[in-house]
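Next up, protein.cif (mmCIF, C-alpha atoms):
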data_protein
loop_
_atom_site.group_PDB
_atom_site.id
_atom_site.type_symbol
_atom_site.label_atom_id
_atom_site.label_comp_id
_atom_site.auth_asym_id
_atom_site.auth_seq_id
_atom_site.Cartn_x
_atom_site.Cartn_y
_atom_site.Cartn_z
ATOM 1 C CA MET A 1 56.565 -38.639 -8.977
ATOM 2 C CA ASP A 2 59.858 -40.471 -9.464
ATOM 3 C CA ALA A 3 62.617 -38.753 -7.454
ATOM 4 C CA ASP A 4 65.425 -39.997 -9.720
ATOM 5 C CA ARG A 5 63.744 -38.663 -12.825
ATOM 6 C CA VAL A 6 63.181 -35.328 -11.146
ATOM 7 C CA ARG A 7 66.832 -35.124 -10.166
ATOM 8 C CA GLN A 8 67.853 -36.015 -13.719
ATOM 9 C CA ALA A 9 65.579 -33.358 -15.144
ATOM 10 C CA VAL A 10 66.937 -30.712 -12.789
ATOM 11 C CA ARG A 11 70.525 -31.673 -13.548
ATOM 12 C CA LEU A 12 69.895 -31.422 -17.308
ATOM 13 C CA LEU A 13 68.216 -28.052 -16.945
ATOM 14 C CA ILE A 14 71.140 -26.678 -14.927
ATOM 15 C CA GLU A 15 73.714 -28.026 -17.385
ATOM 16 C CA LYS A 16 72.078 -26.918 -20.624
ATOM 17 C CA LYS A 17 70.436 -23.768 -19.290
ATOM 18 C CA PRO A 18 67.746 -23.434 -21.957
ATOM 19 C CA ARG A 19 65.946 -20.110 -22.389
ATOM 20 C CA GLY A 20 63.605 -19.552 -19.402
ATOM 21 C CA TYR A 21 65.128 -22.425 -17.452
ATOM 22 C CA HIS A 22 64.797 -20.463 -14.228
ATOM 23 C CA GLY A 23 61.013 -20.321 -14.621
ATOM 24 C CA ILE A 24 60.932 -23.966 -15.584
ATOM 25 C CA LEU A 25 62.807 -24.863 -12.440
ATOM 26 C CA GLN A 26 60.463 -22.821 -10.316
ATOM 27 C CA HIS A 27 57.454 -24.500 -11.893
ATOM 28 C CA LEU A 28 59.045 -27.922 -11.415
ATOM 29 C CA GLN A 29 59.735 -27.083 -7.794
ATOM 30 C CA ARG A 30 56.070 -26.151 -7.331
ATOM 31 C CA LEU A 31 54.966 -29.449 -8.903
ATOM 32 C CA VAL A 32 57.363 -31.374 -6.652
ATOM 33 C CA LYS A 33 56.018 -29.593 -3.583
ATOM 34 C CA LEU A 34 52.429 -30.350 -4.598
ATOM 35 C CA ASP A 35 53.313 -33.990 -5.171
ATOM 36 C CA GLU A 36 55.128 -34.146 -1.868
ATOM 37 C CA ALA A 37 52.176 -32.536 -0.106
ATOM 38 C CA SER A 38 49.772 -34.991 -1.694
ATOM 39 C CA ARG A 39 51.974 -37.814 -0.408
ATOM 40 C CA SER A 40 52.305 -36.438 3.105
ATOM 41 C CA ALA A 41 49.804 -37.461 5.709
ATOM 42 C CA ARG A 42 49.167 -36.325 9.251
ATOM 43 C CA VAL A 43 47.291 -38.698 11.489
ATOM 44 C CA GLU A 44 45.875 -37.338 14.718
ATOM 45 C CA SER A 45 44.168 -39.519 17.292
ATOM 46 C CA ALA A 46 42.679 -38.943 20.726
ATOM 47 C CA VAL A 47 44.832 -41.711 22.140
ATOM 48 C CA ALA A 48 48.167 -42.907 20.821
ATOM 49 C CA LEU A 49 47.943 -45.550 18.103
ATOM 50 C CA THR A 50 49.562 -48.882 18.653
ATOM 51 C CA GLU A 51 52.248 -50.062 16.264
ATOM 52 C CA ALA A 52 49.782 -52.370 14.577
ATOM 53 C CA GLN A 53 47.307 -49.562 14.131
ATOM 54 C CA GLN A 54 49.987 -47.277 12.705
ATOM 55 C CA GLN A 55 51.041 -49.969 10.274
ATOM 56 C CA SER A 56 47.459 -50.529 9.213
ATOM 57 C CA VAL A 57 46.957 -46.819 8.618
ATOM 58 C CA ARG A 58 50.177 -46.648 6.578
ATOM 59 C CA GLU A 59 49.060 -49.515 4.400
ATOM 60 C CA SER A 60 45.677 -47.920 3.856
ATOM 61 C CA LEU A 61 47.321 -44.645 2.840
ATOM 62 C CA VAL A 62 49.709 -46.385 0.442
ATOM 63 C CA ARG A 63 46.770 -48.127 -1.186
ATOM 64 C CA LEU A 64 44.890 -44.847 -1.343
ATOM 65 C CA LYS A 65 47.690 -42.837 -2.981
ATOM 66 C CA GLY A 66 49.149 -45.701 -4.986
ATOM 67 C CA GLY A 67 52.685 -45.171 -3.713
ATOM 68 C CA GLU A 68 54.914 -44.227 -0.821
ATOM 69 C CA VAL A 69 53.391 -41.805 1.656
ATOM 70 C CA THR A 70 55.120 -39.877 4.429
ATOM 71 C CA VAL A 71 53.039 -40.301 7.549
ATOM 72 C CA GLU A 72 53.258 -38.260 10.721
ATOM 73 C CA PHE A 73 51.411 -39.505 13.796
ATOM 74 C CA ALA A 74 50.286 -37.206 16.579
ATOM 75 C CA GLU A 75 48.144 -37.430 19.687
ATOM 76 C CA ASN A 76 45.379 -34.859 20.121
ATOM 77 C CA ALA A 77 43.166 -35.227 23.194
ATOM 78 C CA GLY A 78 40.926 -32.453 21.833
ATOM 79 C CA LEU A 79 39.508 -34.970 19.375
ATOM 80 C CA ILE A 80 37.900 -36.737 22.394
ATOM 81 C CA GLY A 81 37.856 -40.012 20.516
ATOM 82 C CA GLY A 82 38.633 -41.507 17.122
ATOM 83 C CA MET A 83 41.119 -40.420 14.485
ATOM 84 C CA ARG A 84 41.585 -37.654 11.948
ATOM 85 C CA VAL A 85 43.714 -38.191 8.824
ATOM 86 C CA LYS A 86 44.790 -35.394 6.504
ATOM 87 C CA VAL A 87 46.506 -36.520 3.326
ATOM 88 C CA GLY A 88 47.165 -33.887 0.696
ATOM 89 C CA ASP A 89 43.965 -31.905 0.351
ATOM 90 C CA ASP A 90 41.827 -34.787 1.594
ATOM 91 C CA VAL A 91 40.637 -35.130 5.167
ATOM 92 C CA PHE A 92 39.177 -38.281 6.735
ATOM 93 C CA ASP A 93 37.735 -37.245 10.040
ATOM 94 C CA GLY A 94 36.172 -39.840 12.285
ATOM 95 C CA SER A 95 36.825 -38.021 15.515
ATOM 96 C CA VAL A 96 34.179 -37.666 18.188
ATOM 97 C CA LYS A 97 34.803 -33.926 18.243
ATOM 98 C CA THR A 98 33.833 -33.553 14.576
ATOM 99 C CA ARG A 99 30.828 -35.835 14.990
ATOM 100 C CA LEU A 100 29.617 -33.744 17.896
ATOM 101 C CA ALA A 101 30.197 -30.565 15.866
ATOM 102 C CA SER A 102 28.063 -32.046 13.057
ATOM 103 C CA LEU A 103 25.410 -32.935 15.584
ATOM 104 C CA SER A 104 25.519 -29.419 16.959
ATOM 105 C CA ASP A 105 25.203 -27.950 13.455
ATOM 106 C CA SER A 106 22.183 -30.153 12.810
ATOM 107 C CA PHE A 107 20.424 -28.426 15.725
ATOM 108 C CA MET B 108 -112.290 64.144 -41.593
ATOM 109 C CA GLU B 109 -115.777 64.472 -40.375
ATOM 110 C CA LEU B 110 -115.213 61.781 -37.923
ATOM 111 C CA LEU B 111 -112.131 63.572 -36.671
ATOM 112 C CA ASP B 112 -114.083 66.736 -36.433
ATOM 113 C CA ASN B 113 -116.789 64.996 -34.525
ATOM 114 C CA LEU B 114 -114.211 63.715 -32.131
ATOM 115 C CA GLY B 115 -112.810 67.180 -31.669
ATOM 116 C CA VAL B 116 -109.622 66.516 -33.412
ATOM 117 C CA ASP B 117 -108.169 69.324 -35.367
ATOM 118 C CA GLY B 118 -106.424 67.827 -38.312
ATOM 119 C CA PRO B 119 -103.775 70.433 -38.888
ATOM 120 C CA LYS B 120 -103.055 70.668 -35.250
ATOM 121 C CA LEU B 121 -102.811 66.979 -35.051
ATOM 122 C CA ILE B 122 -100.453 66.966 -37.923
ATOM 123 C CA ALA B 123 -98.476 69.740 -36.362
ATOM 124 C CA GLN B 124 -98.396 67.941 -33.091
ATOM 125 C CA LEU B 125 -97.385 64.783 -34.845
ATOM 126 C CA ILE B 126 -94.620 66.633 -36.571
ATOM 127 C CA ASN B 127 -93.599 68.225 -33.304
ATOM 128 C CA PHE B 128 -93.758 64.889 -31.609
ATOM 129 C CA GLY B 129 -91.668 63.403 -34.410
ATOM 130 C CA ILE B 130 -89.167 66.165 -34.086
ATOM 131 C CA VAL B 131 -89.031 65.759 -30.333
ATOM 132 C CA LEU B 132 -88.819 62.050 -30.763
ATOM 133 C CA PHE B 133 -86.036 62.418 -33.267
ATOM 134 C CA VAL B 134 -84.169 64.877 -31.081
ATOM 135 C CA LEU B 135 -84.580 62.665 -28.071
ATOM 136 C CA TRP B 136 -83.582 59.606 -30.014
ATOM 137 C CA TRP B 137 -80.625 61.373 -31.572
ATOM 138 C CA PHE B 138 -79.309 63.197 -28.590
ATOM 139 C CA ALA B 139 -80.377 61.047 -25.698
ATOM 140 C CA TYR B 140 -81.477 57.586 -26.540
ATOM 141 C CA LYS B 141 -78.825 56.852 -29.121
ATOM 142 C CA PRO B 142 -75.862 57.974 -26.951
ATOM 143 C CA VAL B 143 -77.282 56.042 -24.042
ATOM 144 C CA LEU B 144 -77.688 52.974 -26.222
ATOM 145 C CA GLU B 145 -74.217 53.454 -27.564
ATOM 146 C CA MET B 146 -72.888 53.864 -24.054
ATOM 147 C CA LEU B 147 -74.750 50.783 -22.942
ATOM 148 C CA GLU B 148 -73.470 48.883 -25.966
ATOM 149 C CA ASN B 149 -69.937 49.988 -25.265
ATOM 150 C CA ARG B 150 -70.292 48.993 -21.660
ATOM 151 C CA ARG B 151 -71.763 45.675 -22.665
ATOM 152 C CA GLN B 152 -68.894 45.127 -25.040
ATOM 153 C CA LYS B 153 -66.421 46.132 -22.409
ATOM 154 C CA ILE B 154 -68.030 43.818 -19.920
ATOM 155 C CA ALA B 155 -68.087 41.043 -22.480
ATOM 156 C CA LYS B 156 -64.479 41.729 -23.325
ATOM 157 C CA SER B 157 -63.609 41.789 -19.687
ATOM 158 C CA MET B 158 -65.457 38.559 -19.198
ATOM 159 C CA ASP B 159 -63.615 37.052 -22.123
ATOM 160 C CA GLU B 160 -60.348 38.302 -20.787
ATOM 161 C CA ALA B 161 -61.238 36.970 -17.396
ATOM 162 C CA GLU B 162 -62.076 33.619 -18.911
ATOM 163 C CA GLN B 163 -58.853 33.687 -20.880
ATOM 164 C CA ILE B 164 -56.914 34.661 -17.798
ATOM 165 C CA LYS B 165 -58.638 31.916 -15.872
ATOM 166 C CA ALA B 166 -57.802 29.422 -18.584
ATOM 167 C CA GLU B 167 -54.245 30.649 -18.743
ATOM 168 C CA LEU B 168 -54.058 30.500 -14.988
ATOM 169 C CA ALA B 169 -55.360 26.950 -15.031
ATOM 170 C CA GLU B 170 -52.897 26.079 -17.748
ATOM 171 C CA THR B 171 -50.099 27.713 -15.813
ATOM 172 C CA GLN B 172 -51.200 25.866 -12.707
ATOM 173 C CA ALA B 173 -51.230 22.630 -14.618
ATOM 174 C CA GLU B 174 -47.805 23.406 -16.043
ATOM 175 C CA ARG B 175 -46.544 24.315 -12.628
ATOM 176 C CA ASP B 176 -47.968 21.128 -11.178
ATOM 177 C CA LYS B 177 -46.336 19.177 -13.948
ATOM 178 C CA VAL B 178 -42.993 20.893 -13.385
ATOM 179 C CA MET B 179 -43.314 20.362 -9.660
ATOM 180 C CA ALA B 180 -44.150 16.715 -10.193
ATOM 181 C CA GLU B 181 -41.169 16.297 -12.469
ATOM 182 C CA ALA B 182 -38.963 18.132 -9.999
ATOM 183 C CA ASN B 183 -40.261 15.952 -7.192
ATOM 184 C CA ALA B 184 -39.675 12.836 -9.245
ATOM 185 C CA LYS B 185 -36.152 13.962 -10.063
ATOM 186 C CA ALA B 186 -35.485 14.880 -6.460
ATOM 187 C CA GLU B 187 -36.775 11.533 -5.269
ATOM 188 C CA LYS B 188 -34.644 9.774 -7.861
ATOM 189 C CA LEU B 189 -31.611 11.779 -6.768
ATOM 190 C CA ILE B 190 -32.294 10.959 -3.149
ATOM 191 C CA ALA B 191 -32.765 7.301 -4.004
ATOM 192 C CA ASP B 192 -29.545 7.317 -6.041
ATOM 193 C CA ALA B 193 -27.724 9.080 -3.229
ATOM 194 C CA LYS B 194 -29.052 6.576 -0.725
ATOM 195 C CA GLU B 195 -28.034 3.698 -2.973
ATOM 196 C CA ALA B 196 -24.595 5.211 -3.506
ATOM 197 C CA ALA B 197 -24.217 5.799 0.212
ATOM 198 C CA LYS B 198 -25.293 2.232 0.867
ATOM 199 C CA GLN B 199 -22.803 0.897 -1.644
ATOM 200 C CA VAL B 200 -20.062 3.112 -0.244
ATOM 201 C CA GLY B 201 -20.972 1.937 3.232
ATOM 202 C CA GLU B 202 -20.893 -1.688 2.146
ATOM 203 C CA ALA B 203 -17.572 -1.165 0.366
ATOM 204 C CA GLU B 204 -16.155 0.552 3.423
ATOM 205 C CA GLY B 205 -17.418 -2.258 5.590
ATOM 206 C CA GLN B 206 -15.920 -4.877 3.344
ATOM 207 C CA ARG B 207 -12.644 -2.965 3.263
ATOM 208 C CA ALA B 208 -12.604 -2.725 7.042
ATOM 209 C CA VAL B 209 -13.315 -6.449 7.349
ATOM 210 C CA LYS B 210 -10.556 -7.186 4.855
ATOM 211 C CA GLN B 211 -8.120 -4.982 6.745
ATOM 212 C CA ALA B 212 -9.070 -6.655 10.001
ATOM 213 C CA GLU B 213 -8.544 -10.085 8.451
ATOM 214 C CA GLU B 214 -5.199 -8.953 7.076
ATOM 215 C CA ILE B 215 -4.131 -7.669 10.486
ATOM 216 C CA ILE B 216 -5.188 -10.941 12.106
ATOM 217 C CA ARG B 217 -3.346 -12.933 9.440
ATOM 218 C CA LYS B 218 -0.170 -10.911 9.907
ATOM 219 C CA ALA B 219 -0.434 -11.216 13.663
ATOM 220 C CA ARG B 220 -0.816 -14.982 13.328
ATOM 221 C CA GLU B 221 2.138 -15.141 10.960
ATOM 222 C CA ALA B 222 4.231 -13.022 13.314
ATOM 223 C CA THR B 223 3.230 -15.216 16.242
ATOM 224 C CA GLU B 224 4.027 -18.342 14.256
ATOM 225 C CA ALA B 225 7.381 -16.893 13.156
ATOM 226 C CA ASP B 226 8.198 -15.942 16.742
ATOM 227 C CA ARG B 227 7.223 -19.397 17.906
ATOM 228 C CA GLU B 228 9.335 -21.057 15.224
ATOM 229 C CA LYS B 229 12.251 -18.767 16.003
ATOM 230 C CA MET B 230 11.920 -19.514 19.698
ATOM 231 C CA MET B 231 11.707 -23.245 19.013
ATOM 232 C CA ALA B 232 14.790 -23.050 16.780
ATOM 233 C CA GLU B 233 16.694 -21.151 19.439
ATOM 234 C CA LEU B 234 15.549 -23.584 22.070
ATOM 235 C CA LYS B 235 16.540 -26.521 19.898
ATOM 236 C CA ALA B 236 19.950 -24.992 19.190
ATOM 237 C CA GLU B 237 20.475 -24.264 22.863
ATOM 238 C CA ILE B 238 19.459 -27.775 23.888
ATOM 239 C CA GLY B 239 21.687 -29.171 21.147
ATOM 240 C CA ARG B 240 24.573 -27.028 22.342
ATOM 241 C CA LEU B 241 24.085 -28.197 25.903
ATOM 242 C CA VAL B 242 23.799 -31.828 24.821
ATOM 243 C CA VAL B 243 26.941 -31.595 22.699
ATOM 244 C CA GLU B 244 28.821 -29.709 25.390
ATOM 245 C CA THR B 245 27.854 -32.215 28.029
ATOM 246 C CA THR B 246 28.576 -35.117 25.728
ATOM 247 C CA ALA B 247 31.975 -33.664 24.865
ATOM 248 C CA LYS B 248 32.788 -33.282 28.546
ATOM 249 C CA VAL B 249 31.835 -36.775 29.524
ATOM 250 C CA SER B 250 32.584 -38.790 26.408
ATOM 251 C CA GLY B 251 36.356 -38.461 26.825
ATOM 252 C CA LYS B 252 35.959 -40.064 30.210
ATOM 253 C CA VAL B 253 33.479 -42.745 29.291
ATOM 254 C CA LEU B 254 35.092 -43.897 26.058
ATOM 255 C CA THR B 255 36.872 -47.186 26.724
ATOM 256 C CA ALA B 256 39.929 -48.455 24.936
ATOM 257 C CA GLU B 257 37.668 -50.690 22.890
ATOM 258 C CA ASP B 258 35.608 -47.676 21.867
ATOM 259 C CA GLN B 259 38.736 -45.820 20.801
ATOM 260 C CA GLN B 260 39.885 -48.881 18.881
ATOM 261 C CA ARG B 261 36.516 -49.167 17.139
ATOM 262 C CA LEU B 262 36.502 -45.481 16.192
ATOM 263 C CA ILE B 263 40.028 -45.673 14.804
ATOM 264 C CA ASP B 264 39.163 -48.781 12.845
ATOM 265 C CA GLU B 265 36.146 -47.042 11.351
ATOM 266 C CA THR B 266 38.320 -44.222 10.005
ATOM 267 C CA ASN B 267 40.921 -46.679 8.820
ATOM 268 C CA LYS B 268 38.233 -48.597 6.927
ATOM 269 C CA GLU B 269 37.107 -45.353 5.358
ATOM 270 C CA LEU B 270 40.689 -44.735 4.230
ATOM 271 C CA ALA B 271 40.972 -48.195 2.759
ATOM 272 C CA ALA B 272 37.636 -48.042 0.965
#
Spell out the structure here as structure tokens.
Amino acid sequence: MDADRVRQAVRLLIEKKPRGYHGILQHLQRLVKLDEASRSARVESAVALTEAQQQSVRESLVRLKGGEVTVEFAENAGLIGGMRVKVGDDVFDGSVKTRLASLSDSF
Amino acid sequence: MELLDNLGVDGPKLIAQLINFGIVLFVLWWFAYKPVLEMLENRRQKIAKSMDEAEQIKAELAETQAERDKVMAEANAKAEKLIADAKEAAKQVGEAEGQRAVKQAEEIIRKAREATEADREKMMAELKAEIGRLVVETTAKVSGKVLTAEDQQRLIDETNKELAA
């Protein structure tokens, strides 16, 4: 979603105040939040990622979403090993913890 | 007549005697002989009648006996048939009961086997789950320590490749 166009649309709505503009603004806000959420990613790893690894992950996410993505990196020793990426509603989990949980479920 | 005279027979007397004899004979015949004959005839008839009746009774008795024998034979035949039927029915009932008992026993055995098999499978599943839990728990405890930097790198790269795919 283009931020400039969103700003322009909001400005026009506030200036002209068409009937039901309040509802339209609320709906637009919800769409913006959804878009923002779909472009926000949280990357957790058992050990801290190097700069190169972080850059590689960013590039992969940009290719995946087709645009800019806000990425937050975090260290989570509970994962035991590997990395877990949550972007929007999608989750890419390659952590050892999840693999072991799958193994446990298979028993 | 002369001859009769010569013989000493008095004709009139003879005639009178003959008449007397005839009268006596008639009286005797009428009052004695005839009733006796009649009595004898009656008795003979009675005896004959009695004999006939006896013969009839004997015949009737024989017929009754034969009828009774026939009825008895029929009754015996029916009774034997009833007994045979009852025995057959009892045999069939016994066989049916036996078959039912065998079937019930087989059913009980089958259910017991199924229950045993289910218990075994349940136990195996529980055992498998428990072993799996222990394996995972142990693996989780040690893997953090045994994973090298290269391992971590490889795991991260795998996820990154999945993202890029």
Residues near range 104-106 of chain A, anyone? I mean within 8 Å using only C-alpha atoms, not counting same-chain ones fewer than 3 positions away, as a PyMOL selection string.
(chain A and resi 100-101) or (chain B and resi 236+239-240+243)
For this session: Name the residues that the PyMOL selection byres ((chain B) within 10 of (chain A)) picks from the file above, as an NGL selection string, using the file's chain letters and numbers.
Result: :B and (232-244 or 246-252 or 254-256 or 258-272)
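Residues captured in this structure file are A:Ala41, A:Arg42, A:Glu44, A:Ser45, A:Glu72, A:Phe73, A:Ala74, A:Arg84, A:Val85, A:Lys86, according to the PyMOL selection byres ((chain A and resi 43) around 7).
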Selection dump of the PyMOL selection byres ((chain A and resi 2) around 12), as a PyMOL selection string = chain A and resi 1+3-9+32+35-36+67-68
Selection from above, C-alpha atoms, as a PDB file, keeping the file's coordinate frame, can you write it?
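Output (out20.pdb):
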ATOM      1  CA  MET A   1      56.565 -38.639  -8.977  1.00  0.00           C
ATOM      2  CA  ALA A   3      62.617 -38.753  -7.454  1.00  0.00           C
ATOM      3  CA  ASP A   4      65.425 -39.997  -9.720  1.00  0.00           C
ATOM      4  CA  ARG A   5      63.744 -38.663 -12.825  1.00  0.00           C
ATOM      5  CA  VAL A   6      63.181 -35.328 -11.146  1.00  0.00           C
ATOM      6  CA  ARG A   7      66.832 -35.124 -10.166  1.00  0.00           C
ATOM      7  CA  GLN A   8      67.853 -36.015 -13.719  1.00  0.00           C
ATOM      8  CA  ALA A   9      65.579 -33.358 -15.144  1.00  0.00           C
ATOM      9  CA  VAL A  32      57.363 -31.374  -6.652  1.00  0.00           C
ATOM     10  CA  ASP A  35      53.313 -33.990  -5.171  1.00  0.00           C
ATOM     11  CA  GLU A  36      55.128 -34.146  -1.868  1.00  0.00           C
ATOM     12  CA  GLY A  67      52.685 -45.171  -3.713  1.00  0.00           C
ATOM     13  CA  GLU A  68      54.914 -44.227  -0.821  1.00  0.00           C
TER      14      GLU A  68
END
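Between CA of Glu75 in chain A and CA of Gln55 in chain A there is a distance of 15.9 Å.
CA of Lys153 in chain B is found 17.5 Å from CA of Lys165 in chain B.
Separating CA of Gln26 in chain A from CA of Arg11 in chain A is a distance of 13.8 Å.
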Padding of 6 Å on every side, edges along x, y and z, all listed atoms of range 48-55 of chain A included: what centre and edge lengths in Å, to one decimal, does that box have, as lines of an AutoDock Vina configuration file?
center_x = 49.8
center_y = -47.6
center_z = 15.5
size_x = 16.9
size_y = 21.5
size_z = 22.5
Neighbours of Ser38 in chain A within 7 Å (only C-alpha atoms; same-chain residues fewer than 4 positions away dropped), as a PyMOL selection string?
chain A and resi 34+87-89
